[in-house]
Protein chains: 2
Amino acid sequence: MSKSLLELTPVEAVACCSPVTREALSAQAAERIAPLVKAIADPVRLRLLSLVASHVDGEACVCDLNDAFELSQPTISHHLKLLHEAGLLEREKRGVWVYYRINDNALRDLATLLGGVTV
Amino acid sequence: MSKSLLELTPVEAVACCSPVTREALSAQAAERIAPLVKAIADPVRLRLLSLVASHVDGEACVCDLNDAFELSQPTISHHLKLLHEAGLLEREKRGVWVYYRINDNALRDLATLLGGVTV
DNA sequence: CACGGACATTGACAAGTGTCAATATTGACG
DNA sequence: CGTCAATATTGACACTTGTCAATGTCCGTG
């Protein structure tokens, strides 16, 4: 292992675990997984994730995302930060604009963890 | 449709939707899905779900579950109630004991929603 | 350099959440 | 019926979360 557990993003911490229905989750594993689930446990963040993922070229500018909600710009920025910190969205600044792109493996790992579908 | 949307448990409300990465989630869909995700966005509830699912016969008595945590009995009861109300756990009273059993389709629907794996 | 626009950060506040102690409810059994 | 054990409910509390207004930072352009 090249990184200590404490350095892992929530997404990285999840990728290693077997499905929750297969065997009882350890307390430590549950503590690592919960933050990732929390990150998508909000309607605004679910929509943000969905908007980015389904956007052309798989990326979206913050300006587009702001327009999709009737929420203040700082609020959207806050949610994007949470998704980014969880490892679900990647962030790239190009000029004045910031583009977010989905981490392809993240949601799939989480889905596998929950559903036990080993693709 | 035999039930109005308001009568659906979170689980039932999710079963109908296409994966979040496929197309942008509507605000209404996100509002329906988020409560289900919230229900599993806690380390204790993740472990409870996992314990029940991986238990022999697929069901577990509350007394067993209490012993697995260093938390008070009312706290466990509270978490079980949330999981039950979300539709993730089914509840059956037999004598003095209460047994919880996992709703097989619930997690799978959620996993499909997240991962886009159409089994 | 100064200005303006895109995005992030800070601080504040109301609302929601996890926990426990105390108490209620339910059912088995003497 | 009375008691005990299993589970649920209530009330209280500290902590977290979602939101906004105000402000800061960064970068392109004139």
# chains A, B, ... in the order shown; residues from 1 in each chain; ligands from 1
$ closest_atom_pairs --of "chain D" --to "chain A" --cutoff "10 Å" --atoms "only C-alpha atoms (C1' of nucleotides)" --output "tab-separated table"
residue	atom	partner	partner_atom	distance
D:DG18	C1'	A:Thr75	CA	8.0
D:DT19	C1'	A:Thr75	CA	6.6
D:DC20	C1'	A:Ser72	CA	7.1
D:DA21	C1'	A:Ser72	CA	9.9
D:DC26	C1'	A:Val96	CA	7.7
D:DC27	C1'	A:Val96	CA	5.7
D:DG28	C1'	A:Val96	CA	7.5
$ select_by_dssp --residues "stretch 21-64 of chain B" --states "helix (DSSP H, G or I)" --output "mmCIF file with N, CA and C atoms, in the first residue's frame"
data_model
loop_
_atom_site.group_PDB
_atom_site.id
_atom_site.type_symbol
_atom_site.label_atom_id
_atom_site.label_comp_id
_atom_site.auth_asym_id
_atom_site.auth_seq_id
_atom_site.Cartn_x
_atom_site.Cartn_y
_atom_site.Cartn_z
ATOM 1 N N ALA B 27 -35.430 17.735 -10.570
ATOM 2 C CA ALA B 27 -35.433 18.163 -9.172
ATOM 3 C C ALA B 27 -36.339 17.250 -8.347
ATOM 4 N N GLN B 28 -37.479 16.889 -8.914
ATOM 5 C CA GLN B 28 -38.413 16.033 -8.171
ATOM 6 C C GLN B 28 -37.822 14.661 -7.912
ATOM 7 N N ALA B 29 -37.181 14.085 -8.930
ATOM 8 C CA ALA B 29 -36.572 12.771 -8.761
ATOM 9 C C ALA B 29 -35.500 12.831 -7.676
ATOM 10 N N ALA B 30 -34.691 13.872 -7.719
ATOM 11 C CA ALA B 30 -33.617 14.009 -6.727
ATOM 12 C C ALA B 30 -34.195 14.108 -5.312
ATOM 13 N N GLU B 31 -35.281 14.811 -5.172
ATOM 14 C CA GLU B 31 -35.913 14.957 -3.861
ATOM 15 C C GLU B 31 -36.446 13.620 -3.348
ATOM 16 N N ARG B 32 -36.843 12.758 -4.270
ATOM 17 C CA ARG B 32 -37.354 11.450 -3.861
ATOM 18 C C ARG B 32 -36.219 10.494 -3.523
ATOM 19 N N ILE B 33 -35.125 10.603 -4.268
ATOM 20 C CA ILE B 33 -34.029 9.654 -4.088
ATOM 21 C C ILE B 33 -33.199 9.975 -2.848
ATOM 22 N N ALA B 34 -32.976 11.259 -2.610
ATOM 23 C CA ALA B 34 -32.078 11.663 -1.526
ATOM 24 C C ALA B 34 -32.417 11.028 -0.173
ATOM 25 N N PRO B 35 -33.680 10.959 0.227
ATOM 26 C CA PRO B 35 -33.979 10.357 1.537
ATOM 27 C C PRO B 35 -33.500 8.907 1.650
ATOM 28 N N LEU B 36 -33.569 8.180 0.540
ATOM 29 C CA LEU B 36 -33.106 6.800 0.571
ATOM 30 C C LEU B 36 -31.597 6.740 0.769
ATOM 31 N N VAL B 37 -30.895 7.619 0.108
ATOM 32 C CA VAL B 37 -29.441 7.650 0.256
ATOM 33 C C VAL B 37 -29.069 8.109 1.666
ATOM 34 N N LYS B 38 -29.810 9.094 2.147
ATOM 35 C CA LYS B 38 -29.583 9.554 3.516
ATOM 36 C C LYS B 38 -29.718 8.400 4.512
ATOM 37 N N ALA B 39 -30.650 7.502 4.236
ATOM 38 C CA ALA B 39 -30.907 6.408 5.167
ATOM 39 C C ALA B 39 -29.678 5.522 5.355
ATOM 40 N N PRO B 43 -22.569 5.483 9.464
ATOM 41 C CA PRO B 43 -21.801 4.259 9.681
ATOM 42 C C PRO B 43 -22.566 3.200 10.465
ATOM 43 N N VAL B 44 -23.345 3.620 11.443
ATOM 44 C CA VAL B 44 -24.099 2.645 12.229
ATOM 45 C C VAL B 44 -25.158 1.964 11.365
ATOM 46 N N ARG B 45 -25.834 2.756 10.549
ATOM 47 C CA ARG B 45 -26.884 2.155 9.718
ATOM 48 C C ARG B 45 -26.287 1.289 8.625
ATOM 49 N N LEU B 46 -25.124 1.657 8.105
ATOM 50 C CA LEU B 46 -24.463 0.797 7.128
ATOM 51 C C LEU B 46 -24.148 -0.556 7.748
ATOM 52 N N ARG B 47 -23.648 -0.532 8.966
ATOM 53 C CA ARG B 47 -23.309 -1.792 9.631
ATOM 54 C C ARG B 47 -24.557 -2.597 9.954
ATOM 55 N N LEU B 48 -25.609 -1.915 10.386
ATOM 56 C CA LEU B 48 -26.858 -2.617 10.688
ATOM 57 C C LEU B 48 -27.370 -3.337 9.445
ATOM 58 N N LEU B 49 -27.392 -2.605 8.345
ATOM 59 C CA LEU B 49 -27.840 -3.178 7.081
ATOM 60 C C LEU B 49 -26.990 -4.385 6.721
ATOM 61 N N SER B 50 -25.687 -4.212 6.861
ATOM 62 C CA SER B 50 -24.765 -5.271 6.516
ATOM 63 C C SER B 50 -24.916 -6.476 7.437
ATOM 64 N N LEU B 51 -25.107 -6.209 8.724
ATOM 65 C CA LEU B 51 -25.284 -7.293 9.686
ATOM 66 C C LEU B 51 -26.538 -8.103 9.378
ATOM 67 N N VAL B 52 -27.621 -7.407 9.108
ATOM 68 C CA VAL B 52 -28.876 -8.100 8.815
ATOM 69 C C VAL B 52 -28.736 -8.907 7.533
ATOM 70 N N ALA B 53 -28.167 -8.283 6.507
ATOM 71 C CA ALA B 53 -28.089 -8.941 5.202
ATOM 72 C C ALA B 53 -27.204 -10.175 5.236
ATOM 73 N N SER B 54 -26.159 -10.123 6.016
ATOM 74 C CA SER B 54 -25.213 -11.239 6.002
ATOM 75 C C SER B 54 -25.495 -12.252 7.109
ATOM 76 N N VAL B 56 -27.333 -15.300 9.200
ATOM 77 C CA VAL B 56 -27.940 -16.560 8.788
ATOM 78 C C VAL B 56 -29.449 -16.397 8.639
ATOM 79 N N ASP B 57 -30.006 -17.019 7.593
ATOM 80 C CA ASP B 57 -31.430 -16.913 7.280
ATOM 81 C C ASP B 57 -31.819 -15.508 6.814
ATOM 82 N N GLY B 58 -30.853 -14.634 6.672
ATOM 83 C CA GLY B 58 -31.146 -13.298 6.167
ATOM 84 C C GLY B 58 -31.937 -12.416 7.098
ATOM 85 N N VAL B 62 -33.273 -7.993 17.037
ATOM 86 C CA VAL B 62 -32.736 -6.738 17.564
ATOM 87 C C VAL B 62 -31.730 -7.001 18.671
ATOM 88 N N CYS B 63 -31.976 -8.050 19.452
ATOM 89 C CA CYS B 63 -31.081 -8.340 20.568
ATOM 90 C C CYS B 63 -29.665 -8.631 20.074
ATOM 91 N N ASP B 64 -29.560 -9.343 18.939
ATOM 92 C CA ASP B 64 -28.240 -9.591 18.357
ATOM 93 C C ASP B 64 -27.599 -8.284 17.919
#
$ interface_residues --of "chain C" --to "chain A" --cutoff "8 Å" --atoms "only C-alpha atoms (C1' of nucleotides)" --output "list in words"
DA6, DC7 and DA8 of chain C
$ write_last_selection --atoms "C-alpha atoms (C1' of nucleotides)" --output "mmCIF file, in the first residue's frame"
data_model
loop_
_atom_site.group_PDB
_atom_site.id
_atom_site.type_symbol
_atom_site.label_atom_id
_atom_site.label_comp_id
_atom_site.auth_asym_id
_atom_site.auth_seq_id
_atom_site.Cartn_x
_atom_site.Cartn_y
_atom_site.Cartn_z
ATOM 1 C "C1'" DA C 6 -15.966 33.652 -12.554
ATOM 2 C "C1'" DC C 7 -15.532 31.156 -8.684
ATOM 3 C "C1'" DA C 8 -14.202 30.341 -3.656
#
$ closest_residue --among "B:Ile76, B:Ala86, B:Ala60, B:Leu113" --to "chain A" --atoms "only C-alpha atoms"
B:Leu113
$ closest_residue --among "A:Glu85, A:Asp67, A:Glu90, A:Asp109" --to "chain B" --atoms "only C-alpha atoms"
A:Asp109
$ calpha_fit_rmsd --fixed "chain B" --moving "chain A"
0.1 Å
$ atom_distance --atom1 "atom C1' of C:DG30" --atom2 "atom C1' of D:DA6"
18.2 Å
$ atom_distance --atom1 "atom CA of B:Ala111" --atom2 "atom CA of B:Ile40"
12.2 Å
$ decode --residues "stretch 20-49 of chain A" --atoms "N, CA and C atoms" --output "tab-separated table (two decimals), in the first residue's frame"
chain	number	residue	atom	x	y	z
A	20	VAL	N	-21.68	-4.93	0.88
A	20	VAL	CA	-22.16	-4.88	2.26
A	20	VAL	C	-23.07	-6.05	2.62
A	21	THR	N	-23.69	-6.64	1.61
A	21	THR	CA	-24.60	-7.75	1.92
A	21	THR	C	-23.87	-9.08	2.01
A	22	ARG	N	-22.63	-9.10	1.55
A	22	ARG	CA	-21.87	-10.35	1.53
A	22	ARG	C	-21.41	-10.73	2.93
A	23	GLU	N	-20.75	-9.80	3.59
A	23	GLU	CA	-20.30	-10.07	4.95
A	23	GLU	C	-20.43	-8.81	5.79
A	24	ALA	N	-20.51	-9.00	7.09
A	24	ALA	CA	-20.74	-7.87	7.99
A	24	ALA	C	-19.60	-6.87	7.88
A	25	LEU	N	-19.99	-5.63	7.73
A	25	LEU	CA	-19.04	-4.53	7.61
A	25	LEU	C	-18.37	-4.28	8.95
A	26	SER	N	-17.06	-4.08	8.93
A	26	SER	CA	-16.40	-3.71	10.17
A	26	SER	C	-16.73	-2.27	10.51
A	27	ALA	N	-16.55	-1.93	11.77
A	27	ALA	CA	-16.81	-0.56	12.19
A	27	ALA	C	-15.92	0.41	11.42
A	28	GLN	N	-14.67	0.03	11.24
A	28	GLN	CA	-13.74	0.90	10.53
A	28	GLN	C	-14.16	1.10	9.08
A	29	ALA	N	-14.53	0.00	8.42
A	29	ALA	CA	-14.97	0.11	7.03
A	29	ALA	C	-16.18	1.01	6.93
A	30	ALA	N	-17.12	0.84	7.84
A	30	ALA	CA	-18.34	1.65	7.81
A	30	ALA	C	-18.02	3.13	7.98
A	31	GLU	N	-17.05	3.42	8.84
A	31	GLU	CA	-16.66	4.82	9.07
A	31	GLU	C	-16.03	5.42	7.82
A	32	ARG	N	-15.37	4.58	7.02
A	32	ARG	CA	-14.75	5.08	5.80
A	32	ARG	C	-15.76	5.27	4.69
A	33	ILE	N	-16.74	4.36	4.65
A	33	ILE	CA	-17.71	4.40	3.55
A	33	ILE	C	-18.75	5.50	3.75
A	34	ALA	N	-19.18	5.69	4.97
A	34	ALA	CA	-20.28	6.61	5.25
A	34	ALA	C	-20.08	8.01	4.66
A	35	PRO	N	-18.88	8.59	4.77
A	35	PRO	CA	-18.70	9.93	4.22
A	35	PRO	C	-18.97	10.01	2.72
A	36	LEU	N	-18.62	8.95	2.01
A	36	LEU	CA	-18.88	8.93	0.57
A	36	LEU	C	-20.37	8.91	0.29
A	37	VAL	N	-21.09	8.12	1.06
A	37	VAL	CA	-22.54	8.06	0.88
A	37	VAL	C	-23.18	9.39	1.28
A	38	LYS	N	-22.66	9.96	2.35
A	38	LYS	CA	-23.16	11.28	2.77
A	38	LYS	C	-23.01	12.30	1.65
A	39	ALA	N	-21.93	12.18	0.90
A	39	ALA	CA	-21.66	13.16	-0.15
A	39	ALA	C	-22.76	13.18	-1.21
A	40	ILE	N	-23.42	12.05	-1.41
A	40	ILE	CA	-24.49	12.03	-2.41
A	40	ILE	C	-25.86	11.99	-1.75
A	41	ALA	N	-25.92	12.20	-0.47
A	41	ALA	CA	-27.19	12.12	0.26
A	41	ALA	C	-27.85	13.48	0.35
A	42	ASP	N	-27.91	14.15	-0.76
A	42	ASP	CA	-28.52	15.48	-0.80
A	42	ASP	C	-29.06	15.70	-2.21
A	43	PRO	N	-30.29	16.18	-2.32
A	43	PRO	CA	-30.90	16.31	-3.65
A	43	PRO	C	-30.11	17.22	-4.58
A	44	VAL	N	-29.55	18.30	-4.04
A	44	VAL	CA	-28.79	19.21	-4.90
A	44	VAL	C	-27.54	18.52	-5.41
A	45	ARG	N	-26.85	17.80	-4.53
A	45	ARG	CA	-25.62	17.13	-4.96
A	45	ARG	C	-25.91	15.98	-5.91
A	46	LEU	N	-27.02	15.29	-5.72
A	46	LEU	CA	-27.41	14.25	-6.66
A	46	LEU	C	-27.61	14.84	-8.05
A	47	ARG	N	-28.28	15.99	-8.09
A	47	ARG	CA	-28.52	16.62	-9.39
A	47	ARG	C	-27.23	17.14	-10.00
A	48	LEU	N	-26.36	17.71	-9.19
A	48	LEU	CA	-25.07	18.20	-9.69
A	48	LEU	C	-24.29	17.06	-10.33
A	49	LEU	N	-24.21	15.96	-9.59
A	49	LEU	CA	-23.49	14.79	-10.09
A	49	LEU	C	-24.09	14.33	-11.41
